[in-house]
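Listing of run-v8.tsv, TSV, C-alpha atoms
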chain	number	residue	atom	x	y	z
A	1	MET	CA	-15.22	5.71	25.12
A	2	SER	CA	-15.33	6.69	21.42
A	3	LEU	CA	-11.75	5.41	21.13
A	4	LEU	CA	-12.81	2.03	22.54
A	5	LEU	CA	-15.84	1.89	20.24
A	6	ALA	CA	-13.59	2.66	17.25
A	7	PHE	CA	-11.26	-0.24	18.15
A	8	ILE	CA	-14.17	-2.63	18.65
A	9	ALA	CA	-15.63	-1.61	15.26
A	10	LEU	CA	-12.22	-2.10	13.62
A	11	LEU	CA	-11.79	-5.59	15.12
A	12	CYS	CA	-15.32	-6.52	14.01
A	13	ALA	CA	-14.62	-5.26	10.46
A	14	ILE	CA	-11.38	-7.28	10.28
A	15	GLY	CA	-13.11	-10.36	11.71
A	16	ALA	CA	-15.95	-10.02	9.20
A	17	HIS	CA	-13.44	-9.64	6.35
A	18	VAL	CA	-11.55	-12.76	7.41
A	19	ALA	CA	-14.81	-14.74	7.58
A	20	LEU	CA	-16.05	-13.33	4.26
A	21	ARG	CA	-12.81	-14.22	2.47
A	22	ARG	CA	-13.00	-17.78	3.75
A	23	ALA	CA	-16.69	-18.25	3.02
A	24	THR	CA	-16.90	-16.57	-0.41
A	25	GLY	CA	-14.65	-15.73	-3.32
A	26	VAL	CA	-15.17	-11.99	-2.92
A	27	GLY	CA	-12.18	-9.77	-3.83
A	28	ILE	CA	-9.90	-8.60	-1.04
A	29	VAL	CA	-10.51	-4.87	-1.51
A	30	GLU	CA	-14.19	-5.08	-2.51
A	31	GLY	CA	-14.93	-7.35	0.48
A	32	PHE	CA	-13.19	-5.07	2.92
A	33	VAL	CA	-14.83	-1.92	1.56
A	34	GLY	CA	-18.20	-3.63	2.08
A	35	VAL	CA	-17.59	-4.67	5.70
A	36	THR	CA	-15.97	-1.30	6.44
A	37	ALA	CA	-19.03	0.57	5.21
A	38	VAL	CA	-21.27	-1.51	7.48
A	39	GLY	CA	-18.81	-1.22	10.41
A	40	GLY	CA	-18.47	2.54	9.92
A	41	LEU	CA	-22.23	3.05	9.90
A	42	ALA	CA	-22.62	0.91	13.03
A	43	LEU	CA	-19.87	2.91	14.74
A	44	LEU	CA	-21.50	6.19	13.73
A	45	ALA	CA	-24.84	5.00	15.13
A	46	ALA	CA	-23.19	3.93	18.42
A	47	LEU	CA	-21.32	7.26	18.74
A	48	VAL	CA	-24.45	9.31	18.00
A	49	TYR	CA	-26.48	7.19	20.46
A	50	ARG	CA	-23.86	7.92	23.11
A	51	ALA	CA	-24.48	11.63	22.42
A	52	GLY	CA	-20.90	12.68	23.20
A	53	PRO	CA	-19.31	15.91	21.91
A	54	ILE	CA	-19.31	16.11	18.09
A	55	ALA	CA	-15.50	16.43	17.99
A	56	GLU	CA	-15.14	13.12	19.85
A	57	THR	CA	-17.60	11.43	17.49
A	58	ILE	CA	-15.54	12.60	14.50
A	59	SER	CA	-12.31	11.51	16.23
A	60	GLY	CA	-13.72	8.03	16.77
A	61	LEU	CA	-14.63	7.76	13.09
A	62	LEU	CA	-11.18	9.02	12.01
A	63	ILE	CA	-9.40	6.48	14.20
A	64	PHE	CA	-11.58	3.72	12.71
A	65	ALA	CA	-10.84	5.02	9.19
A	66	PHE	CA	-7.09	5.03	9.81
A	67	GLY	CA	-7.17	1.49	11.23
A	68	CYS	CA	-9.07	0.30	8.13
A	69	GLU	CA	-6.64	2.01	5.74
A	70	LEU	CA	-3.64	0.54	7.55
A	71	TYR	CA	-5.13	-2.99	7.49
A	72	LEU	CA	-5.92	-2.75	3.78
A	73	PHE	CA	-2.46	-1.36	3.03
A	74	LEU	CA	-0.76	-4.24	4.88
A	75	ILE	CA	-2.94	-6.89	3.24
A	76	THR	CA	-2.41	-5.56	-0.29
A	77	PHE	CA	1.30	-5.16	0.45
A	78	SER	CA	1.57	-8.80	1.54
A	79	LEU	CA	-0.23	-9.81	-1.68
A	80	SER	CA	1.62	-7.75	-4.27
A	81	SER	CA	5.04	-6.96	-2.84
A	82	ILE	CA	7.81	-9.06	-4.40
A	83	SER	CA	9.89	-8.82	-1.20
A	84	ALA	CA	6.96	-9.93	0.97
A	85	ASN	CA	6.30	-12.86	-1.37
A	86	MET	CA	9.96	-13.91	-1.25
A	87	LEU	CA	10.09	-13.74	2.56
A	88	SER	CA	6.89	-15.75	2.81
A	89	ARG	CA	8.39	-18.39	0.47
A	90	LEU	CA	11.64	-18.54	2.48
A	91	LEU	CA	9.67	-19.35	5.62
A	92	ARG	CA	9.25	-22.87	4.15
A	93	GLY	CA	13.04	-23.28	3.96
A	94	PRO	CA	16.16	-21.99	2.18
A	95	VAL	CA	16.02	-21.53	-1.58
A	96	SER	CA	18.93	-21.64	-4.00
A	97	VAL	CA	19.60	-18.54	-6.07
A	98	ALA	CA	18.87	-20.55	-9.24
A	99	GLU	CA	15.56	-21.84	-7.87
A	100	LEU	CA	14.57	-18.31	-6.86
A	101	GLY	CA	15.48	-17.15	-10.36
A	102	ARG	CA	13.08	-19.75	-11.79
A	103	ALA	CA	10.24	-19.04	-9.33
A	104	TYR	CA	10.53	-15.29	-9.84
A	105	SER	CA	11.68	-15.24	-13.44
A	106	GLY	CA	10.99	-11.98	-15.24
A	107	GLU	CA	8.65	-13.71	-17.67
A	108	GLU	CA	6.73	-15.54	-14.94
A	109	MET	CA	6.29	-12.29	-12.98
A	110	ALA	CA	5.15	-10.46	-16.08
A	111	HIS	CA	2.60	-13.22	-16.90
A	112	ARG	CA	1.27	-13.11	-13.34
A	113	ARG	CA	0.84	-9.32	-13.53
A	114	VAL	CA	-1.01	-9.60	-16.82
A	115	GLU	CA	-3.37	-12.16	-15.22
A	116	ARG	CA	-4.03	-9.81	-12.32
A	117	LEU	CA	-4.69	-6.86	-14.64
A	118	VAL	CA	-7.19	-8.96	-16.61
A	119	GLY	CA	-8.79	-10.14	-13.35
A	120	ALA	CA	-9.10	-6.55	-12.16
A	121	ASP	CA	-10.84	-5.55	-15.42
A	122	LEU	CA	-8.07	-3.11	-16.32
A	123	VAL	CA	-6.99	-4.99	-19.45
A	124	GLU	CA	-8.95	-7.16	-21.89
A	125	GLN	CA	-8.02	-9.45	-24.75
A	126	ARG	CA	-9.58	-8.85	-28.18
A	127	ASP	CA	-8.42	-10.55	-31.38
A	128	GLU	CA	-5.26	-11.91	-29.74
A	129	LYS	CA	-4.22	-8.43	-28.56
A	130	MET	CA	-4.40	-6.85	-25.12
A	131	TYR	CA	-6.26	-3.54	-24.80
A	132	LEU	CA	-6.89	-1.19	-21.91
A	133	THR	CA	-10.46	-1.28	-20.66
A	134	ARG	CA	-12.21	2.01	-19.93
A	135	ARG	CA	-11.35	1.49	-16.26
A	136	GLY	CA	-7.70	0.83	-17.15
A	137	GLY	CA	-7.61	3.98	-19.29
A	138	ARG	CA	-8.95	6.05	-16.40
A	139	LEU	CA	-6.34	4.59	-14.06
A	140	VAL	CA	-3.52	5.43	-16.48
A	141	ALA	CA	-4.83	9.01	-16.77
A	142	VAL	CA	-4.97	9.39	-12.97
A	143	MET	CA	-1.45	7.98	-12.61
A	144	SER	CA	-0.10	10.36	-15.30
A	145	GLY	CA	-1.57	13.25	-13.31
A	146	LEU	CA	0.03	11.95	-10.13
A	147	ARG	CA	3.40	11.53	-11.87
A	148	TRP	CA	3.23	15.18	-12.84
A	149	LEU	CA	2.07	16.26	-9.36
A	150	PHE	CA	4.89	14.38	-7.60
A	151	ALA	CA	7.43	15.46	-10.26
A	152	HIS	CA	8.49	11.85	-10.91
A	153	ASP	CA	9.55	12.56	-14.49
A	154	ARG	CA	11.86	15.36	-13.36
A	155	ARG	CA	13.35	12.95	-10.83
A	156	THR	CA	13.85	10.22	-13.44
A	157	ALA	CA	15.46	12.73	-15.81
A	158	SER	CA	17.83	14.04	-13.15
A	159	THR	CA	18.80	10.48	-12.10
A	160	ALA	CA	19.53	9.60	-15.72
A	161	ARG	CA	21.85	12.62	-16.12
B	162	MET	CA	-9.29	21.89	12.14
B	163	ILE	CA	-5.66	22.42	13.21
B	164	ALA	CA	-4.70	18.97	11.94
B	165	VAL	CA	-6.47	19.51	8.59
B	166	ALA	CA	-4.79	22.91	8.12
B	167	TRP	CA	-1.44	21.37	9.12
B	168	CYS	CA	-1.80	18.61	6.53
B	169	LEU	CA	-2.89	21.01	3.78
B	170	LEU	CA	0.09	23.25	4.43
B	171	HIS	CA	2.42	20.26	4.61
B	172	PHE	CA	1.11	18.94	1.29
B	173	LEU	CA	1.60	22.33	-0.36
B	174	VAL	CA	5.20	22.61	0.86
B	175	PHE	CA	5.82	18.96	-0.10
B	176	ILE	CA	4.64	19.46	-3.69
B	177	VAL	CA	6.49	22.76	-4.17
B	178	TRP	CA	9.67	21.18	-2.79
B	179	LEU	CA	9.39	18.18	-5.13
B	180	HIS	CA	9.00	20.50	-8.12
B	181	LEU	CA	11.90	22.71	-7.11
B	182	ARG	CA	14.27	19.80	-6.65
B	183	PRO	CA	13.65	16.09	-7.27
B	184	ARG	CA	13.82	14.15	-4.02
B	185	SER	CA	14.66	10.57	-3.07
B	186	GLU	CA	12.30	8.03	-1.49
B	187	ARG	CA	14.17	8.39	1.82
B	188	PHE	CA	13.64	12.16	1.84
B	189	VAL	CA	9.91	11.80	1.13
B	190	LEU	CA	9.51	9.31	3.99
B	191	ALA	CA	11.51	11.52	6.38
B	192	PHE	CA	9.53	14.62	5.36
B	193	HIS	CA	6.28	12.92	6.33
B	194	SER	CA	7.65	11.21	9.45
B	195	VAL	CA	9.02	14.45	10.91
B	196	SER	CA	5.73	16.27	10.34
B	197	PHE	CA	3.79	13.35	11.88
B	198	LEU	CA	6.04	13.31	14.95
B	199	LEU	CA	5.73	17.09	15.36
B	200	LEU	CA	1.94	17.02	15.20
B	201	SER	CA	1.82	14.01	17.57
B	202	SER	CA	4.01	15.91	20.06
B	203	LEU	CA	1.71	18.93	19.85
B	204	ALA	CA	-1.31	16.69	20.43
B	205	LEU	CA	0.39	15.10	23.46
B	206	LEU	CA	1.24	18.54	24.86
B	207	ALA	CA	-2.40	19.56	24.46
B	208	VAL	CA	-3.49	16.45	26.39
B	209	PHE	CA	-0.99	17.03	29.21
B	210	GLY	CA	-1.85	20.75	29.29
B	211	ARG	CA	-5.51	19.74	29.63
B	212	SER	CA	-6.48	21.86	26.64
B	213	ALA	CA	-7.76	18.84	24.66
B	214	PRO	CA	-9.18	15.43	25.66
B	215	PHE	CA	-7.19	12.34	24.65
B	216	THR	CA	-9.76	11.22	22.05
B	217	LEU	CA	-9.58	14.57	20.28
B	218	ALA	CA	-5.76	14.43	20.24
B	219	ALA	CA	-5.92	10.86	18.86
B	220	GLY	CA	-8.27	12.13	16.14
B	221	MET	CA	-5.73	14.82	15.18
B	222	VAL	CA	-2.99	12.22	14.90
B	223	ALA	CA	-5.33	9.95	12.89
B	224	ILE	CA	-5.91	12.75	10.33
B	225	HIS	CA	-2.16	13.04	9.72
B	226	ALA	CA	-1.74	9.26	9.63
B	227	ILE	CA	-4.49	8.91	6.99
B	228	TYR	CA	-3.03	11.80	4.98
B	229	SER	CA	0.57	10.54	5.06
B	230	LEU	CA	-0.27	6.89	4.36
B	231	SER	CA	-2.45	7.91	1.39
B	232	VAL	CA	0.12	10.30	-0.08
B	233	LEU	CA	3.00	7.86	0.38
B	234	GLU	CA	1.00	5.05	-1.26
B	235	LEU	CA	0.10	7.25	-4.22
B	236	TRP	CA	3.67	8.52	-4.49
B	237	THR	CA	5.04	4.96	-4.61
B	238	LEU	CA	2.35	3.66	-6.94
B	239	SER	CA	2.79	6.46	-9.47
B	240	GLU	CA	6.58	6.30	-9.22
B	241	GLY	CA	7.40	2.79	-10.32
B	242	SER	CA	4.60	0.28	-10.14
B	243	TYR	CA	5.10	-2.71	-12.42
B	244	ALA	CA	1.39	-2.96	-13.21
B	245	ILE	CA	1.01	0.75	-13.96
B	246	ALA	CA	4.01	0.62	-16.32
B	247	MET	CA	2.29	-2.24	-18.20
B	248	LEU	CA	-0.96	-0.32	-18.43
B	249	ALA	CA	0.82	2.82	-19.66
B	250	SER	CA	2.59	0.82	-22.39
B	251	LEU	CA	-0.74	-0.64	-23.59
B	252	LYS	CA	-2.18	2.84	-23.88
B	253	HIS	CA	0.27	3.64	-26.66
B	254	LYS	CA	0.26	0.31	-28.49
B	255	PRO	CA	-1.88	-2.80	-27.89
B	256	VAL	CA	0.20	-6.00	-28.13
B	257	THR	CA	-0.38	-9.72	-27.66
B	258	ARG	CA	-0.19	-11.28	-24.21
B	259	ALA	CA	3.13	-12.96	-25.02
B	260	GLU	CA	4.62	-9.72	-26.40
B	261	LEU	CA	3.53	-7.83	-23.29
B	262	ALA	CA	5.09	-10.42	-20.99
B	263	ALA	CA	8.28	-10.47	-23.08
B	264	ARG	CA	8.53	-6.68	-23.07
B	265	PHE	CA	8.35	-6.57	-19.28
B	266	ARG	CA	10.59	-9.54	-18.65
B	267	PRO	CA	13.75	-7.41	-18.14
B	268	LEU	CA	11.88	-5.18	-15.68
B	269	GLY	CA	10.82	-8.27	-13.73
B	270	GLU	CA	14.41	-9.58	-13.60
B	271	GLN	CA	15.62	-6.13	-12.54
B	272	LYS	CA	13.02	-5.91	-9.77
B	273	ARG	CA	13.86	-9.40	-8.47
B	274	THR	CA	17.57	-8.64	-8.30
B	275	ALA	CA	16.93	-5.28	-6.62
B	276	ARG	CA	14.60	-6.85	-4.05
B	277	VAL	CA	17.05	-9.64	-3.16
B	278	GLU	CA	19.81	-7.04	-2.71
B	279	ALA	CA	17.53	-4.86	-0.58
B	280	LEU	CA	16.51	-7.84	1.59
B	281	GLU	CA	20.16	-8.76	2.12
B	282	LYS	CA	21.12	-5.15	2.86
B	283	SER	CA	18.31	-4.79	5.39
B	284	GLY	CA	19.49	-7.96	7.17
B	285	ALA	CA	16.34	-9.95	6.44
B	286	VAL	CA	18.14	-12.64	4.40
B	287	ARG	CA	21.61	-14.15	4.22
B	288	ILE	CA	23.01	-15.43	0.91
B	289	ASP	CA	25.59	-18.22	0.64
B	290	GLY	CA	24.61	-19.93	-2.60
B	291	GLU	CA	21.18	-20.29	-1.01
B	292	LEU	CA	18.92	-17.66	0.48
B	293	HIS	CA	18.31	-18.11	4.21
B	294	LEU	CA	16.04	-16.08	6.45
B	295	THR	CA	17.81	-14.36	9.32
B	296	LEU	CA	16.05	-14.09	12.69
B	297	ARG	CA	14.88	-10.61	11.73
B	298	GLY	CA	13.70	-11.83	8.33
B	299	ALA	CA	11.84	-14.73	9.95
B	300	HIS	CA	9.90	-12.31	12.19
B	301	ILE	CA	8.90	-10.19	9.19
B	302	ALA	CA	8.04	-13.31	7.16
B	303	ARG	CA	5.77	-14.59	9.96
B	304	VAL	CA	3.89	-11.27	10.03
B	305	VAL	CA	3.54	-11.39	6.22
B	306	SER	CA	2.32	-14.99	6.45
B	307	LEU	CA	-0.21	-14.06	9.12
B	308	LEU	CA	-1.55	-11.22	6.97
B	309	ARG	CA	-1.78	-13.51	3.96
B	310	SER	CA	-3.61	-16.18	5.92
B	311	LEU	CA	-6.00	-13.57	7.38
B	312	ALA	CA	-7.02	-12.52	3.88
B	313	ASN	CA	-6.93	-16.14	2.65
B	314	ILE	CA	-4.24	-15.40	0.06
B	315	ARG	CA	-2.62	-18.45	-1.48
B	316	ASP	CA	1.08	-18.46	-2.36
B	317	SER	CA	1.68	-16.98	-5.77
B	318	ALA	CA	5.16	-18.44	-6.32
What's the structure tokens form of this structure?
Amino acid sequence: MSLLLAFIALLCAIGAHVALRRATGVGIVEGFVGVTAVGGLALLAALVYRAGPIAETISGLLIFAFGCELYLFLITFSLSSISANMLSRLLRGPVSVAELGRAYSGEEMAHRRVERLVGADLVEQRDEKMYLTRRGGRLVAVMSGLRWLFAHDRRTASTAR
Amino acid sequence: MIAVAWCLLHFLVFIVWLHLRPRSERFVLAFHSVSFLLLSSLALLAVFGRSAPFTLAAGMVAIHAIYSLSVLELWTLSEGSYAIAMLASLKHKPVTRAELAARFRPLGEQKRTARVEALEKSGAVRIDGELHLTLRGAHIARVVSLLRSLANIRDSA
């Protein structure tokens, strides 16, 4: 029963996100975090009301949490992945290599990324120059820590050798 | 509790292994997949042996799924994200918008070429002067399109 409730809550959260994105200009992640919080609380209330074993209540919440993470991962992947964007474009018909080169030119892609970073409040423009915002600075610090944790620099160095 | 302890131990071994010897993306994915399959098999055995209800077993599997998806996302993001590389470069020296775009132009070209090659290698596209979707590629593209339309994402190229 808690499994079924978790799936129903997940479908409701996705449905609410779809409706919210169409009705308002809310960001993809912010919007989904909002509906997920409401959906998670509603699921918790339903599971507690059912008064099942505590382990099953926690399991239901975990299954809901995984479903939400997977949905968000797939949506952000379809938005930012270059491969996903190319495949989506090819669905409208074949594209010549030259045309693809123009549509996904290095400069165009770089400009688009800069726009997204500004939109996400990670970078700001002051006196013609681009600076990291406080949020951007924190993100860079977290990513440096993760690079150390996952030993990426060691891997890059060994690949270069 | 078993699933949490399993994931903690797995993470510890994973990190130590990465520091002892740098590993490829394929190895990292396999390392997580094998652990996930092992834990899922244990959970299934517990259900069939009637020592755990199905919901509890599904919860155990969900813990590993959340753990692996999160770690793999963070691993990928910190490894070679375009946006993170831009942010890191701005930390050292602020530049104009045009300079920033120009500096990352070669990386963009490199990524495009690598992605086209990977799509061809995976059998999603066929190249003969033009890029064509294969049947497999068309299935993936439809799923991507569905996801994009769900989240009301407009085409960016």
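If you measure from each of B:Ala223, B:Ala191, B:Ala246, B:Ala207 to chain A using all atoms listed in the file, the closest one turns out to be B:Ala223.
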Quick one: which chain B residues come within 6 Å of chain A, and what is the nearest atom pair for each with the distance in Å to one decimal, counting all atoms listed in the file, rows ordered by chain and ascending number, as JSON lines?
{"residue": "B:His180", "atom": "CA", "partner": "A:Ala151", "partner_atom": "CA", "distance": 5.7}
{"residue": "B:Pro183", "atom": "CA", "partner": "A:Arg155", "partner_atom": "CA", "distance": 4.8}
{"residue": "B:Leu217", "atom": "CA", "partner": "A:Glu56", "partner_atom": "CA", "distance": 5.8}
{"residue": "B:Gly220", "atom": "CA", "partner": "A:Ser59", "partner_atom": "CA", "distance": 4.1}
{"residue": "B:Ala223", "atom": "CA", "partner": "A:Ile63", "partner_atom": "CA", "distance": 5.5}
{"residue": "B:Ile227", "atom": "CA", "partner": "A:Phe66", "partner_atom": "CA", "distance": 5.5}
{"residue": "B:Ser239", "atom": "CA", "partner": "A:Met143", "partner_atom": "CA", "distance": 5.5}
{"residue": "B:Ala249", "atom": "CA", "partner": "A:Val140", "partner_atom": "CA", "distance": 6.0}
{"residue": "B:Pro255", "atom": "CA", "partner": "A:Tyr131", "partner_atom": "CA", "distance": 5.4}
{"residue": "B:Val256", "atom": "CA", "partner": "A:Lys129", "partner_atom": "CA", "distance": 5.1}
{"residue": "B:Thr257", "atom": "CA", "partner": "A:Lys129", "partner_atom": "CA", "distance": 4.1}
{"residue": "B:Ala262", "atom": "CA", "partner": "A:Ala110", "partner_atom": "CA", "distance": 4.9}
{"residue": "B:Phe265", "atom": "CA", "partner": "A:Ala110", "partner_atom": "CA", "distance": 6.0}
{"residue": "B:Arg266", "atom": "CA", "partner": "A:Gly106", "partner_atom": "CA", "distance": 4.2}
{"residue": "B:Gly269", "atom": "CA", "partner": "A:Gly106", "partner_atom": "CA", "distance": 4.0}
{"residue": "B:Glu270", "atom": "CA", "partner": "A:Gly106", "partner_atom": "CA", "distance": 4.5}
{"residue": "B:Arg276", "atom": "CA", "partner": "A:Ser83", "partner_atom": "CA", "distance": 5.8}
{"residue": "B:Glu291", "atom": "CA", "partner": "A:Ser96", "partner_atom": "CA", "distance": 4.0}
{"residue": "B:Leu292", "atom": "CA", "partner": "A:Val95", "partner_atom": "CA", "distance": 5.3}
{"residue": "B:His293", "atom": "CA", "partner": "A:Pro94", "partner_atom": "CA", "distance": 4.9}
{"residue": "B:Ala302", "atom": "CA", "partner": "A:Leu87", "partner_atom": "CA", "distance": 5.1}
{"residue": "B:Val305", "atom": "CA", "partner": "A:Ser78", "partner_atom": "CA", "distance": 5.7}
{"residue": "B:Ser306", "atom": "CA", "partner": "A:Ser88", "partner_atom": "CA", "distance": 5.9}
{"residue": "B:Leu308", "atom": "CA", "partner": "A:Ile75", "partner_atom": "CA", "distance": 5.9}
{"residue": "B:Leu311", "atom": "CA", "partner": "A:Val18", "partner_atom": "CA", "distance": 5.6}
{"residue": "B:Ala312", "atom": "CA", "partner": "A:Val18", "partner_atom": "CA", "distance": 5.7}
{"residue": "B:Ala318", "atom": "CA", "partner": "A:Ala103", "partner_atom": "CA", "distance": 5.9}
Mind writing the picked residues with C-alpha atoms as a PDB file, in the frame of the given file?
ATOM      1  CA  HIS B 180       9.000  20.500  -8.120  1.00  0.00           C
ATOM      2  CA  PRO B 183      13.650  16.090  -7.270  1.00  0.00           C
ATOM      3  CA  LEU B 217      -9.580  14.570  20.280  1.00  0.00           C
ATOM      4  CA  GLY B 220      -8.270  12.130  16.140  1.00  0.00           C
ATOM      5  CA  ALA B 223      -5.330   9.950  12.890  1.00  0.00           C
ATOM      6  CA  ILE B 227      -4.490   8.910   6.990  1.00  0.00           C
ATOM      7  CA  SER B 239       2.790   6.460  -9.470  1.00  0.00           C
ATOM      8  CA  ALA B 249       0.820   2.820 -19.660  1.00  0.00           C
ATOM      9  CA  PRO B 255      -1.880  -2.800 -27.890  1.00  0.00           C
ATOM     10  CA  VAL B 256       0.200  -6.000 -28.130  1.00  0.00           C
ATOM     11  CA  THR B 257      -0.380  -9.720 -27.660  1.00  0.00           C
ATOM     12  CA  ALA B 262       5.090 -10.420 -20.990  1.00  0.00           C
ATOM     13  CA  PHE B 265       8.350  -6.570 -19.280  1.00  0.00           C
ATOM     14  CA  ARG B 266      10.590  -9.540 -18.650  1.00  0.00           C
ATOM     15  CA  GLY B 269      10.820  -8.270 -13.730  1.00  0.00           C
ATOM     16  CA  GLU B 270      14.410  -9.580 -13.600  1.00  0.00           C
ATOM     17  CA  ARG B 276      14.600  -6.850  -4.050  1.00  0.00           C
ATOM     18  CA  GLU B 291      21.180 -20.290  -1.010  1.00  0.00           C
ATOM     19  CA  LEU B 292      18.920 -17.660   0.480  1.00  0.00           C
ATOM     20  CA  HIS B 293      18.310 -18.110   4.210  1.00  0.00           C
ATOM     21  CA  ALA B 302       8.040 -13.310   7.160  1.00  0.00           C
ATOM     22  CA  VAL B 305       3.540 -11.390   6.220  1.00  0.00           C
ATOM     23  CA  SER B 306       2.320 -14.990   6.450  1.00  0.00           C
ATOM     24  CA  LEU B 308      -1.550 -11.220   6.970  1.00  0.00           C
ATOM     25  CA  LEU B 311      -6.000 -13.570   7.380  1.00  0.00           C
ATOM     26  CA  ALA B 312      -7.020 -12.520   3.880  1.00  0.00           C
ATOM     27  CA  ALA B 318       5.160 -18.440  -6.320  1.00  0.00           C
TER      28      ALA B 318
END
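The coordinates place atom CA of B:His171 at 12.8 Å from atom CA of B:Ala226.
Of the listed residues B:Ala259, B:Met247, B:Ala213, B:Cys168, the one whose atoms come nearest to B:Ser196 is B:Cys168, with distances taken using only C-alpha atoms.
Between atom CA of B:Lys282 and atom CA of B:Phe175 the separation is 28.7 Å.
Between atom CA of B:Val189 and atom CA of B:Trp236 lies a distance of 9.0 Å.
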- Note on the structure: Across A:Asp121, A:Ala51, A:Ala46, A:Arg135, the smallest distance to A:Ala6, with only C-alpha atoms counted, is shown by A:Ala46
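Distances from A:Gly52, A:Val35, A:Gly119, A:Glu30 to A:Ala16 were compared using all atoms listed in the file, and the smallest one belongs to A:Val35.
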